[in-house]
Structures are given as structure tokens and as C-alpha cells.
>>> print(open('target-v4.cif').read())   # mmCIF, C-alpha atoms and all ligand atoms
data_entry
loop_
_atom_site.label_atom_id
_atom_site.label_comp_id
_atom_site.auth_asym_id
_atom_site.auth_seq_id
_atom_site.Cartn_x
_atom_site.Cartn_y
_atom_site.Cartn_z
CA MET A 1 -95.90 -9.23 52.22
CA SER A 2 -99.44 -10.17 51.31
CA LEU A 3 -100.38 -13.78 50.61
CA LEU A 4 -101.21 -12.83 47.03
CA GLU A 5 -100.00 -9.71 45.25
CA VAL A 6 -101.24 -9.09 41.75
CA THR A 7 -99.55 -6.23 39.90
CA ASP A 8 -100.63 -4.68 36.61
CA LEU A 9 -102.33 -7.83 35.32
CA ARG A 10 -103.18 -7.68 31.63
CA VAL A 11 -104.98 -10.44 29.74
CA SER A 12 -105.97 -10.40 26.10
CA PHE A 13 -107.22 -12.97 23.61
CA SER A 14 -106.97 -13.04 19.84
CA THR A 15 -110.29 -13.76 18.16
CA PRO A 16 -111.40 -13.61 14.52
CA ASP A 17 -113.14 -10.30 15.34
CA GLY A 18 -110.03 -8.71 16.86
CA THR A 19 -108.12 -8.64 20.13
CA VAL A 20 -110.31 -8.90 23.23
CA ARG A 21 -108.65 -6.86 25.94
CA ALA A 22 -110.30 -8.60 28.86
CA VAL A 23 -108.10 -7.28 31.67
CA ARG A 24 -106.19 -4.03 31.26
CA GLY A 25 -103.82 -3.38 34.13
CA VAL A 26 -105.39 -4.54 37.39
CA SER A 27 -103.60 -4.69 40.75
CA PHE A 28 -104.81 -6.07 44.06
CA ALA A 29 -103.56 -7.91 47.14
CA VAL A 30 -105.05 -10.38 49.59
CA ASP A 31 -103.66 -10.89 53.08
CA ARG A 32 -103.76 -14.14 55.02
CA GLY A 33 -107.18 -14.91 56.43
CA ARG A 34 -108.78 -11.85 54.79
CA THR A 35 -111.57 -11.49 52.25
CA LEU A 36 -111.33 -9.49 49.06
CA GLY A 37 -114.55 -8.92 47.15
CA ILE A 38 -114.18 -8.42 43.39
CA VAL A 39 -117.35 -6.86 42.01
CA GLY A 40 -118.54 -5.99 38.54
CA GLU A 41 -120.99 -6.86 35.80
CA SER A 42 -120.32 -9.70 33.40
CA GLY A 43 -117.48 -8.77 31.06
CA SER A 44 -115.76 -6.63 33.70
CA GLY A 45 -112.77 -8.99 33.74
CA LYS A 46 -113.31 -10.26 37.28
CA SER A 47 -113.51 -13.97 36.40
CA VAL A 48 -110.84 -13.80 33.70
CA SER A 49 -108.44 -12.22 36.20
CA THR A 50 -108.69 -15.03 38.71
CA GLN A 51 -108.85 -17.80 36.08
CA THR A 52 -105.61 -16.41 34.68
CA LEU A 53 -103.97 -16.62 38.10
CA MET A 54 -104.92 -20.29 38.21
CA GLY A 55 -103.50 -20.98 34.75
CA LEU A 56 -106.97 -21.58 33.34
CA THR A 57 -106.84 -19.18 30.37
CA PRO A 58 -104.80 -21.14 27.82
CA GLY A 59 -103.94 -19.17 24.70
CA ALA A 60 -104.27 -15.80 26.40
CA ASP A 61 -101.57 -13.15 26.21
CA VAL A 62 -100.81 -12.49 29.88
CA ARG A 63 -98.68 -9.67 31.35
CA GLY A 64 -97.90 -8.48 34.84
CA SER A 65 -97.16 -10.52 37.94
CA ALA A 66 -99.10 -12.47 40.56
CA LEU A 67 -96.94 -13.35 43.53
CA PHE A 68 -98.39 -16.07 45.75
CA GLU A 69 -96.08 -16.38 48.76
CA GLY A 70 -93.37 -14.97 46.53
CA ARG A 71 -93.89 -17.39 43.59
CA ASP A 72 -95.18 -15.84 40.38
CA LEU A 73 -98.27 -17.78 39.34
CA LEU A 74 -98.10 -16.26 35.87
CA THR A 75 -94.74 -17.85 35.06
CA ALA A 76 -95.18 -21.13 36.98
CA GLY A 77 -95.18 -24.26 34.85
CA GLU A 78 -98.20 -26.52 34.49
CA ARG A 79 -96.65 -29.06 36.84
CA GLU A 80 -96.12 -26.48 39.58
CA MET A 81 -99.65 -25.14 39.03
CA ARG A 82 -101.11 -28.63 39.46
CA GLY A 83 -99.50 -28.72 42.89
CA ILE A 84 -100.89 -25.28 43.77
CA ARG A 85 -104.44 -25.74 42.45
CA GLY A 86 -106.60 -27.37 45.07
CA ALA A 87 -103.89 -27.77 47.69
CA GLU A 88 -102.88 -24.13 48.12
CA ILE A 89 -105.48 -22.23 46.14
CA ALA A 90 -108.91 -23.81 45.71
CA MET A 91 -111.75 -22.58 43.55
CA ILE A 92 -115.51 -22.65 44.03
CA PHE A 93 -117.75 -21.95 41.04
CA GLN A 94 -121.36 -21.04 40.44
CA ASP A 95 -121.98 -24.45 38.92
CA PRO A 96 -120.94 -27.24 41.31
CA LEU A 97 -120.83 -29.68 38.41
CA SER A 98 -117.76 -27.88 37.12
CA SER A 99 -115.95 -29.31 40.17
CA LEU A 100 -118.03 -32.39 40.97
CA HIS A 101 -118.03 -35.09 38.33
CA PRO A 102 -121.60 -36.30 37.75
CA LEU A 103 -120.61 -39.94 37.38
CA TYR A 104 -118.73 -40.45 40.64
CA ARG A 105 -119.91 -40.62 44.24
CA VAL A 106 -119.43 -37.33 46.08
CA GLY A 107 -117.36 -38.76 48.93
CA TRP A 108 -115.13 -40.70 46.58
CA GLN A 109 -114.29 -37.52 44.66
CA ILE A 110 -113.13 -35.79 47.82
CA GLU A 111 -111.12 -38.88 48.84
CA GLU A 112 -109.43 -39.04 45.45
CA MET A 113 -108.49 -35.39 45.59
CA ILE A 114 -106.96 -35.83 49.03
CA ARG A 115 -105.02 -38.90 47.89
CA ALA A 116 -103.84 -37.23 44.68
CA HIS A 117 -102.27 -34.37 46.63
CA GLU A 118 -101.21 -36.37 49.67
CA PRO A 119 -100.06 -39.75 48.41
CA GLY A 120 -99.16 -40.79 51.97
CA THR A 121 -102.82 -40.75 53.05
CA GLY A 122 -104.40 -44.21 53.12
CA LYS A 123 -107.83 -45.00 51.68
CA ARG A 124 -109.46 -45.28 55.09
CA ARG A 125 -108.11 -42.03 56.39
CA ALA A 126 -109.07 -40.21 53.18
CA ARG A 127 -112.60 -41.58 53.51
CA GLU A 128 -112.79 -40.41 57.14
CA ARG A 129 -111.65 -36.97 56.15
CA ALA A 130 -114.13 -36.75 53.28
CA VAL A 131 -117.02 -37.67 55.58
CA GLU A 132 -115.74 -35.26 58.22
CA MET A 133 -115.64 -32.43 55.67
CA LEU A 134 -119.16 -33.21 54.42
CA GLY A 135 -120.38 -33.07 58.03
CA LEU A 136 -118.56 -29.80 58.62
CA VAL A 137 -120.34 -28.09 55.74
CA GLY A 138 -123.71 -29.15 57.15
CA ILE A 139 -124.60 -32.17 55.05
CA PRO A 140 -126.81 -34.38 57.20
CA GLN A 141 -125.82 -38.03 57.59
CA PRO A 142 -122.52 -37.40 55.84
CA ALA A 143 -121.38 -41.04 55.95
CA ARG A 144 -124.44 -42.09 53.98
CA ARG A 145 -124.56 -39.10 51.64
CA ALA A 146 -120.88 -39.55 50.80
CA ASP A 147 -121.97 -42.58 48.76
CA GLU A 148 -124.49 -40.62 46.70
CA TYR A 149 -123.97 -39.04 43.29
CA PRO A 150 -124.08 -35.26 42.71
CA HIS A 151 -127.51 -35.43 41.05
CA GLN A 152 -128.94 -36.87 44.28
CA PHE A 153 -128.01 -33.63 46.05
CA SER A 154 -130.09 -30.43 45.95
CA GLY A 155 -128.44 -27.30 44.49
CA GLY A 156 -127.58 -25.99 47.95
CA MET A 157 -126.22 -29.38 49.06
CA ARG A 158 -124.05 -29.61 45.95
CA GLN A 159 -122.67 -26.19 46.73
CA ARG A 160 -121.90 -27.37 50.26
CA ALA A 161 -120.15 -30.43 48.85
CA MET A 162 -118.06 -28.21 46.60
CA ILE A 163 -117.08 -26.11 49.62
CA ALA A 164 -116.12 -29.33 51.44
CA MET A 165 -113.97 -30.28 48.49
CA ALA A 166 -112.37 -26.83 48.36
CA LEU A 167 -111.50 -26.94 52.06
CA ALA A 168 -110.41 -30.58 52.20
CA LEU A 169 -106.75 -29.82 51.57
CA ASN A 170 -106.78 -26.78 53.86
CA PRO A 171 -105.75 -24.29 51.15
CA LYS A 172 -104.39 -20.86 52.03
CA LEU A 173 -106.69 -19.13 49.57
CA ILE A 174 -110.12 -19.91 48.16
CA ILE A 175 -111.37 -18.15 45.05
CA ALA A 176 -115.16 -18.27 44.92
CA ASP A 177 -116.67 -17.14 41.60
CA GLU A 178 -120.36 -16.27 41.99
CA PRO A 179 -120.78 -19.26 44.34
CA THR A 180 -124.36 -18.45 45.29
CA THR A 181 -125.73 -16.81 42.15
CA ALA A 182 -127.73 -19.86 41.05
CA LEU A 183 -129.33 -20.37 44.47
CA ASP A 184 -132.51 -18.88 45.91
CA ALA A 185 -132.14 -16.13 48.51
CA THR A 186 -132.56 -18.32 51.60
CA VAL A 187 -130.08 -20.96 50.50
CA GLN A 188 -127.74 -18.22 49.32
CA ALA A 189 -127.74 -16.66 52.79
CA GLN A 190 -127.06 -20.07 54.37
CA ILE A 191 -124.14 -20.77 52.06
CA LEU A 192 -122.62 -17.33 52.67
CA ASP A 193 -122.97 -17.87 56.42
CA LEU A 194 -121.28 -21.22 56.11
CA MET A 195 -118.40 -19.78 54.09
CA ARG A 196 -117.89 -17.01 56.61
CA ARG A 197 -117.88 -19.44 59.52
CA LEU A 198 -115.52 -21.94 57.90
CA GLN A 199 -113.20 -19.19 56.75
CA GLY A 200 -112.89 -18.06 60.36
CA GLU A 201 -112.29 -21.63 61.57
CA PHE A 202 -109.72 -22.48 58.91
CA GLY A 203 -108.10 -19.04 58.65
CA THR A 204 -108.40 -19.23 54.86
CA ALA A 205 -108.07 -16.11 52.72
CA LEU A 206 -110.96 -15.63 50.32
CA ILE A 207 -111.51 -13.87 47.02
CA MET A 208 -115.22 -13.55 46.50
CA ILE A 209 -116.27 -12.67 42.95
CA THR A 210 -119.77 -11.34 42.47
CA HIS A 211 -121.89 -8.97 40.39
CA ASP A 212 -123.87 -8.07 43.51
CA LEU A 213 -122.44 -5.77 46.18
CA GLY A 214 -125.14 -7.05 48.54
CA VAL A 215 -123.54 -10.50 48.62
CA ILE A 216 -120.27 -9.30 50.13
CA ALA A 217 -121.68 -6.44 52.22
CA ASP A 218 -120.98 -8.21 55.48
CA MET A 219 -118.05 -10.39 54.57
CA ALA A 220 -115.46 -8.48 52.53
CA ASP A 221 -112.58 -6.71 54.24
CA ASP A 222 -111.67 -4.97 51.01
CA VAL A 223 -113.51 -4.49 47.75
CA LEU A 224 -112.24 -4.10 44.20
CA VAL A 225 -114.80 -2.78 41.74
CA MET A 226 -114.01 -3.67 38.13
CA TYR A 227 -115.43 -2.24 34.94
CA GLY A 228 -114.39 -2.85 31.35
CA GLY A 229 -111.29 -4.82 32.35
CA LYS A 230 -110.00 -2.19 34.76
CA ALA A 231 -110.23 -1.26 38.40
CA ALA A 232 -112.81 1.49 38.84
CA GLU A 233 -112.36 1.71 42.60
CA ARG A 234 -110.69 -0.17 45.42
CA ALA A 235 -111.26 0.44 49.14
CA GLY A 236 -111.93 -1.07 52.52
CA ARG A 237 -115.51 -2.24 52.93
CA ARG A 238 -116.83 0.63 54.99
CA PRO A 239 -115.43 3.47 52.89
CA LEU A 240 -116.58 1.70 49.75
CA TYR A 241 -120.18 1.32 50.90
CA HIS A 242 -120.43 4.61 52.78
CA ARG A 243 -118.21 6.93 50.78
CA PRO A 244 -117.92 5.50 47.28
CA HIS A 245 -116.14 7.78 44.86
CA HIS A 246 -116.76 6.20 41.48
CA PRO A 247 -120.15 6.65 39.78
CA TYR A 248 -120.06 2.99 38.73
CA THR A 249 -119.74 1.89 42.37
CA LYS A 250 -122.65 4.15 43.22
CA GLY A 251 -124.62 2.54 40.40
CA LEU A 252 -123.85 -0.93 41.73
CA LEU A 253 -124.93 0.10 45.21
CA GLU A 254 -128.20 1.42 43.87
CA SER A 255 -128.85 -1.74 41.91
CA ALA A 256 -127.84 -4.26 44.60
CA PRO A 257 -130.72 -6.31 45.95
CA SER A 258 -130.75 -6.66 49.71
CA ALA A 259 -132.75 -8.38 52.38
CA ALA A 260 -133.89 -5.00 53.70
CA GLY A 261 -135.17 -3.24 50.59
CA GLY A 262 -137.80 -4.38 48.14
CA ARG A 263 -136.78 -5.13 44.58
CA ASP A 264 -138.96 -2.26 43.32
CA ARG A 265 -136.47 0.18 44.77
CA LEU A 266 -133.63 -1.11 42.67
CA LYS A 267 -132.25 1.18 40.03
CA PRO A 268 -130.37 -0.68 37.33
CA ILE A 269 -127.43 1.05 35.63
CA PRO A 270 -128.64 2.10 32.18
CA GLY A 271 -126.77 0.92 29.10
CA GLN A 272 -124.56 -2.07 28.36
CA PRO A 273 -121.04 -3.05 29.39
CA PRO A 274 -118.43 -1.85 26.84
CA SER A 275 -116.98 -3.83 23.97
CA LEU A 276 -113.58 -5.17 24.95
CA ILE A 277 -112.48 -5.19 21.31
CA ASN A 278 -113.36 -1.57 20.54
CA VAL A 279 -112.87 -0.14 24.01
CA PRO A 280 -114.41 3.35 24.46
CA SER A 281 -111.95 6.27 24.51
CA GLY A 282 -111.10 8.09 27.73
CA CYS A 283 -112.94 6.81 30.78
CA VAL A 284 -114.29 3.38 29.81
CA PHE A 285 -117.48 4.10 31.79
CA HIS A 286 -118.22 7.42 30.04
CA PRO A 287 -120.95 6.14 27.67
CA ARG A 288 -123.06 5.14 30.69
CA CYS A 289 -122.03 7.69 33.28
CA ALA A 290 -124.62 10.15 34.63
CA TYR A 291 -121.79 12.49 35.69
CA VAL A 292 -119.84 12.50 32.42
CA MET A 293 -117.87 15.70 31.70
CA ASP A 294 -116.04 16.90 28.56
CA ARG A 295 -112.64 15.65 29.66
CA CYS A 296 -113.95 12.11 30.36
CA VAL A 297 -114.34 11.39 26.63
CA PRO A 298 -110.70 11.84 25.55
CA ASP A 299 -108.86 11.37 28.89
CA ASP A 300 -108.63 8.09 30.77
CA PRO A 301 -108.61 8.85 34.52
CA PRO A 302 -105.78 7.16 36.46
CA LEU A 303 -106.42 5.24 39.66
CA GLU A 304 -105.67 7.81 42.35
CA PRO A 305 -105.97 8.04 46.13
CA VAL A 306 -109.27 9.42 47.39
CA ALA A 307 -108.79 12.23 49.88
CA ASP A 308 -108.51 11.27 53.56
CA ASP A 309 -109.10 7.55 53.03
CA PRO A 310 -105.90 5.52 53.30
CA GLY A 311 -105.87 2.71 50.75
CA HIS A 312 -108.94 4.06 48.94
CA VAL A 313 -108.29 4.61 45.22
CA SER A 314 -110.63 5.50 42.38
CA ALA A 315 -110.35 6.14 38.65
CA CYS A 316 -112.65 9.10 38.05
CA TRP A 317 -112.13 12.78 37.31
CA LEU A 318 -114.89 13.91 39.69
CA PRO A 319 -113.97 15.72 42.89
CA HIS A 320 -114.77 13.53 45.88
CA GLU A 321 -117.64 15.63 47.23
CA ALA A 322 -119.59 15.37 44.00
CA LEU A 323 -121.33 12.06 44.78
CA GLY A 324 -124.09 12.00 47.35
CA LEU A 325 -124.74 8.71 49.09
CA GLY A 326 -126.16 7.43 52.30
CA GLU A 327 -129.47 5.78 51.72
CA ASP A 328 -127.92 3.08 49.55
CA ALA A 329 -125.54 1.94 52.21
CA GLU A 330 -128.35 2.00 54.75
CA ARG A 331 -130.45 -0.16 52.51
CA LEU A 332 -127.70 -2.78 52.58
CA ARG A 333 -127.89 -2.61 56.40
CA LEU A 334 -124.29 -1.85 57.07
FE1 LIG A 401 -118.01 9.36 34.89
FE2 LIG A 401 -116.07 10.93 34.00
FE3 LIG A 401 -115.82 9.74 36.35
FE4 LIG A 401 -115.67 8.34 34.10
S1 LIG A 401 -114.25 9.93 34.78
S2 LIG A 401 -116.79 7.79 35.92
S3 LIG A 401 -117.19 9.38 32.84
S4 LIG A 401 -117.34 11.27 35.80
MG MG A 402 -117.93 -14.60 35.55
#
>>> encode(input="target-v4.cif", output="C-alpha cells")
Amino acid sequence: MSLLEVTDLRVSFSTPDGTVRAVRGVSFAVDRGRTLGIVGESGSGKSVSTQTLMGLTPGADVRGSALFEGRDLLTAGEREMRGIRGAEIAMIFQDPLSSLHPLYRVGWQIEEMIRAHEPGTGKRRARERAVEMLGLVGIPQPARRADEYPHQFSGGMRQRAMIAMALALNPKLIIADEPTTALDATVQAQILDLMRRLQGEFGTALIMITHDLGVIADMADDVLVMYGGKAAERAGRRPLYHRPHHPYTKGLLESAPSAAGGRDRLKPIPGQPPSLINVPSGCVFHPRCAYVMDRCVPDDPPLEPVADDPGHVSACWLPHEALGLGEDAERLRL
């Protein structure tokens, strides 16, 4: 059994304008020590999905199941979730200040988290571990910097501190939601390197959420592409980058920035993400799809296996051979 198995997750919210159907039947699994990339534009449902698993979408109507080592996160009580959050599943966000409190010293925050989850750990030992973690994520002079406040850290250093905090309790799974989006390209590459290295050292499973396929090109084992609250395509990394089936995946590949190609070569996907209140009929991508056919407008394509690729599924009526690709994957230097 996988570490985490999410089956037919559905999340909707009531708003004065109508029901927002943010996630509409998404399934995925993450094995121990592996990395799943979840990719899509804003509004695809990628963040809502994982926030729901963590019990962070109060007021939402949630269906489906999310088994973490056999326990269903979707039916766990708040008390049980408090024990799981941080200790077994940790989260890293784009904005470190959503995890680091601006008014407390960085080291102290890590110590407190350790002591909250492990009441047997003494103050001294917690301090040692906090400093050790800060050193491990590449913060120079960690014993001194542990006594600084978040605003005294650069953006990249804050992100490192948040990673230290996420790893401090040795969780089995880390969910990272756009962890490098706010950083410049050089710092972004350093942080991704660090995450990859620490993940190997700690054997942590990782869900990496991003709008940019370039970010996970050399770290994901599997990739789930989401669009309009649904899975468009799901595959191992190589088949996804080299033999994508879904036109949306192809669009993301063509619009992904990379170290190799200049930004002038990027081709953004025309149009806007769909309304999640008045969801388009048929294939949710049809208003933007360059390959749209008559049947796409009334008929919603099911997620189906793609020929010859075990584990590769896609929700598109096109025959597999219809999409040419090659250059895009090359550009991402795979
Ligand atoms: Fe495009 Fe039709 Fe495939 Fe949807 S089902 S992605 S509209 S070709
Ligand atoms: Mg998001």
C-alpha cells in the first residue's frame, strides 16, 4: 500500500455567487520516499486538494478518501490531525511567514514545535536540534542565526528555515506548495537542490505543487497534471515529459521556463482558466484547446490508460499519436 492514497477527492465551497467546485474527483498516490509533482495553473485545484488533506479547508464539502498509512485524513478529528500535521505530514509554503511567526526568534520556533510534539524533549536538546537543522539546510553560523527574527533573514534563508522546520520532526511526507515561486532563479535552483538532497537523506516522501513543469523536471518520480479541478493527465516523469498525451500538458511544457531556453521561446497557453462555478460542458479544457473536436463540447472524456505506458492515464478524446512533441522536452534538458 502507498504511504498516501487519495481516491476520488471532491471539494466544493458554497459562496454567495454559487457553489465553487474546486476539486472534482481526483485520485493519486504517493509511495514512501518518492516525489509526486502536482502541476497546474492557479485555480486548477492543486492547492485546495492538499490543504483539504491537511484539514485546512474548513466549511468545505469534502467527499472521497485520503488514506495515510491506512487512516483516512478526511474523517480524522481535529485532535488527530493536530498530531499528524507537522509530525507526520509537514507543509512548506511559498510564503515562509505563513509558517514562521514574525515576532519570535527562528530557532525558538523550531524548538517549540519539537517540544509541542515531543513533550519528553528537554529545552537544551530541542535547542541543539533546532541549531542542527538550521545548519543542515545551509544556514551559516546556525547557533547565532537561531536567535534572529524572520525579518533578519533573506527570502532564500527564510525558505531554508521553513524547510528546517518542516524536517525537524522527521515527517514521512512533506507537501511543498510553490516553495520557490517567490525566489529568483538562482536561489530557486539552490532551494530545489537542497530539498532533493535532504529528501534523499531523510527518505521523506514529497508532494511538490507547482505551476511550472520546469521546477519538477528533475525531481518528480510521478506527475499529476490538474486542470479545472480534475486530473488531465497522470504519468511517470519520463513519459509525461517525452510522450504527453493531453493538450494541456503539452501547453504547460511549451510555456515552462527552463535554464536552457530563453524566455522569448515560451508559448503561453491562450485563454483563461475556467470558472469553477459555471464549469464548461464536456471537456473542461475545450474552450482553450487547439485540438478541440465536436465531441469535446458535450462529452467529458474519462481518465483512461494511454497505450503502451503502464500507469499513464489521460482525460482526452484524441488518439495518442495526434500530439507531436520532442523539442519541448529537450528544452527542459531531460
Ligand atoms: Fe482538447 Fe478535446 Fe482533448 Fe479536451 S478532449 S483536451 S478539448 S482534444
Ligand atoms: Mg496555490
>>> residues_near_point(input="target-v4.cif", point="(-100.7, -24.9, 38.7)", cutoff="12 Å", atoms="all atoms listed in the file", output="JSON, numbers by chain")
{"A": [51, 52, 53, 54, 55, 56, 57, 68, 71, 72, 73, 74, 75, 76, 77, 78, 79, 80, 81, 82, 83, 84, 85, 86, 87, 88, 89, 90]}
>>> residues_near_ligand(input="target-v4.cif", ligand="ligand LIG 401 (chain A)", cutoff="7 Å", atoms="only C-alpha atoms and all ligand atoms", output="PDB file with C-alpha atoms, keeping the file's coordinate frame")
ATOM      1  CA  HIS A 246    -116.760   6.200  41.480  1.00  0.00           C
ATOM      2  CA  PRO A 247    -120.150   6.650  39.780  1.00  0.00           C
ATOM      3  CA  TYR A 248    -120.060   2.990  38.730  1.00  0.00           C
ATOM      4  CA  CYS A 283    -112.940   6.810  30.780  1.00  0.00           C
ATOM      5  CA  VAL A 284    -114.290   3.380  29.810  1.00  0.00           C
ATOM      6  CA  PHE A 285    -117.480   4.100  31.790  1.00  0.00           C
ATOM      7  CA  HIS A 286    -118.220   7.420  30.040  1.00  0.00           C
ATOM      8  CA  CYS A 289    -122.030   7.690  33.280  1.00  0.00           C
ATOM      9  CA  ALA A 290    -124.620  10.150  34.630  1.00  0.00           C
ATOM     10  CA  TYR A 291    -121.790  12.490  35.690  1.00  0.00           C
ATOM     11  CA  VAL A 292    -119.840  12.500  32.420  1.00  0.00           C
ATOM     12  CA  MET A 293    -117.870  15.700  31.700  1.00  0.00           C
ATOM     13  CA  CYS A 296    -113.950  12.110  30.360  1.00  0.00           C
ATOM     14  CA  PRO A 301    -108.610   8.850  34.520  1.00  0.00           C
ATOM     15  CA  ALA A 315    -110.350   6.140  38.650  1.00  0.00           C
ATOM     16  CA  CYS A 316    -112.650   9.100  38.050  1.00  0.00           C
ATOM     17  CA  TRP A 317    -112.130  12.780  37.310  1.00  0.00           C
ATOM     18  CA  LEU A 318    -114.890  13.910  39.690  1.00  0.00           C
TER      19      LEU A 318
END
>>> closest_residue(input="target-v4.cif", among="A:Asp8, A:Glu69, A:Asp177, A:Asp294", to="ligand MG 402 (chain A)", atoms="only C-alpha atoms and all ligand atoms")
A:Asp177
>>> residues_around(input="target-v4.cif", residues="stretch 180-188 of chain A", least_positions_apart="6", cutoff="10 Å", atoms="all atoms listed in the file", output="PyMOL selection string")
chain A and resi 92-95+155-157+159+194+210-212+215+258-259
>>> closest_atom_pairs(input="target-v4.cif", of="chain A", to="ligand MG 402 (chain A)", cutoff="9 Å", atoms="only C-alpha atoms and all ligand atoms", output="CSV")
residue,atom,partner,partner_atom,distance
A:Glu41,CA,A:MG402,MG,8.3
A:Ser42,CA,A:MG402,MG,5.9
A:Gly43,CA,A:MG402,MG,7.4
A:Ser44,CA,A:MG402,MG,8.5
A:Gly45,CA,A:MG402,MG,7.8
A:Lys46,CA,A:MG402,MG,6.6
A:Ser47,CA,A:MG402,MG,4.5
A:Val48,CA,A:MG402,MG,7.4
A:Gln94,CA,A:MG402,MG,8.8
A:Asp177,CA,A:MG402,MG,6.7
A:Glu178,CA,A:MG402,MG,7.1
A:Ile209,CA,A:MG402,MG,7.8
A:Thr210,CA,A:MG402,MG,7.9
A:His211,CA,A:MG402,MG,8.4
>>> atom_distance(input="target-v4.cif", atom1="atom CA of A:Arg63", atom2="atom CA of A:Lys230")
14.0 Å
>>> residues_around(input="target-v4.cif", residues="A:Thr204", least_positions_apart="3", cutoff="8 Å", atoms="all atoms listed in the file", output="count of residues only")
10
>>> atom_distance(input="target-v4.cif", atom1="atom CA of A:Lys123", atom2="atom CA of A:Trp108")
9.9 Å
>>> residues_around(input="target-v4.cif", residues="A:Leu134", least_positions_apart="6", cutoff="12 Å", atoms="all atoms listed in the file", output="ChimeraX atom specification")
/A:106-111,127-128,140-148,157-168
>>> axis_aligned_box(input="target-v4.cif", around="stretch 97-115 of chain A", padding_each_side="5 Å", output="JSON")
{"center_x": -113.3, "center_y": -34.3, "center_z": 43.1, "size_x": 26.6, "size_y": 22.8, "size_z": 21.9}
>>> atom_distance(input="target-v4.cif", atom1="atom CA of A:Arg10", atom2="atom CA of A:Val23")
4.9 Å
>>> closest_residue(input="target-v4.cif", among="A:Ile114, A:Gly64, A:Ser275, A:Asp308", to="A:Gly228", atoms="all atoms listed in the file")
A:Ser275
>>> closest_residue(input="target-v4.cif", among="A:Ile139, A:Leu213, A:Leu169, A:Val39", to="A:Thr121", atoms="all atoms listed in the file")
A:Leu169
>>> closest_residue(input="target-v4.cif", among="A:Asp299, A:Arg125, A:His151, A:Val131", to="A:His101", atoms="all atoms listed in the file")
A:His151
